[in-house]
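Each remark here refers to the structure printed beneath this line.
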Amino acid sequence: MRGLDALGIAYDQTAMERFEAFHAILDEYNQRMDLTAVLDEDERVDRHDLDSAAPLAQGLLAQNARVIDVGTGAGFPGMPLLILRPDLQMTFLDALSKRIAFLQDALKRLNLTATALHARAEDAARMEAHREAYDAAVSRAVASSATLQELTLPFVKTGGLAIAWKGPGVQDELVAAKRAAFVLGGTVRGVSPAPVPGREDWAHCLLITDKTGKTPKAYPRKAGTPGRKPLA
Ligand code: SAM
């Protein structure tokens, strides 16, 4: 795929066939439900597939890592990550059941193995099977950085990472994100540029937080509170 070579990300023929099939399934569903903005093919590849692949260019996900995509929507960033790295043990999480039903169908048709879970992050992070069970929690376009820390860090094991896709506005959110991370057992490592080849003006970046200790039992707070009253 155009752009993957420039990012230094390895791929094989199966991955290319799965991207093509996933795009076709997205188009099919978009005719009957509002799943993603309809984009031309170049923009879809850049805005969704290449943007989602950013952690692979930075070597952030180890072989067989257990990863949860919090607020995955139509499968971003989780589906491109899984297509490129089928070794990942991926869980797709979203509060909207129609998106999870779409992902379950897409996974079956792409012959990929993963879990798709219909729940709010605040509730799932209190379930034993998911709490501090992941090597990485990834999240794109879901909430402000401080809110995201509370929606992602409780899922991550000590030694793991929370990775949030952000734009240039991240600088204004950093102080609050650092404070929230501190409360939740995390330490912000920093912001790392995540350029999409040919679209450098987007100034996309990843906010990377290390899970350095356990999340206190009081977090995440009840559904809706992390968004309404971000820790900071
Ligand atoms: N990550 C996808 C992307 O980048 O295209 C979807 C982004 S969409 C703007 C935000 C998604 O997050 C929606 O599908 C919404 O249902 C989900 N979401 C928001 N808050 C959530 C929460 N607390 N728990 C689970 N899902 C949530």
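FYI, nothing fancy with the structure tokens labels: chains A, B, ... in order, residues from 1 per chain, ligands from 1 as they appear.
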
Strand (DSSP E or B) positions in stretch 22-168 of chain A, given as an NGL selection string:
:A and (66-70 or 89-94 or 115-118 or 134-140 or 156-166)

Throw together the list of residues within 9 Å of ligand 1, counting only C-alpha atoms and all ligand atoms, and drop it here as a ChimeraX atom specification.
/A:35-36,48,52,69-78,93-97,99,118-124,138-143,148,151,165,223-224,226-227

Counting only C-alpha atoms, the option among A:Ile9, A:Ala146, A:Val196, A:Ile100 closest to A:Pro230
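For A:Pro230, the nearest of the candidates is A:Ala146.
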
Have a look at A:Ile208, A:Ala180, A:Ala53, A:Ala218 and name the one nearest to A:Leu7; count only C-alpha atoms.
A:Ala53

Name the residues of stretch 58-101 of chain A that fall into alpha helix (DSSP H) according to DSSP on the backbone, using the chain letters and numbers of this document, as a list in words.
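Of stretch 58-101 of chain A, only Gly78, Met79, Pro80, Leu81, Leu82, Ile83, Leu84, Ser97, Lys98, Arg99, Ile100 and Ala101 of chain A fall in alpha helix (DSSP H).
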
Nearest-residue call for A:Ala232, choices A:Met79, A:Leu184, A:Ala194, A:Ala176, using only C-alpha atoms
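Answer, going by the shortest atom-to-atom distance: A:Ala176.
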
What's the separation between atom CA of A:Gln63 and atom CA of A:Pro193, in Å to one decimal place?
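Between atom CA of A:Gln63 and atom CA of A:Pro193 the gap works out to 22.7 Å.
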
Which one is closest to A:Leu4: A:Leu26, A:Cys205, A:Ala106, A:Leu50? Count only C-alpha atoms.
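Closest to A:Leu4, using only C-alpha atoms: A:Leu50.
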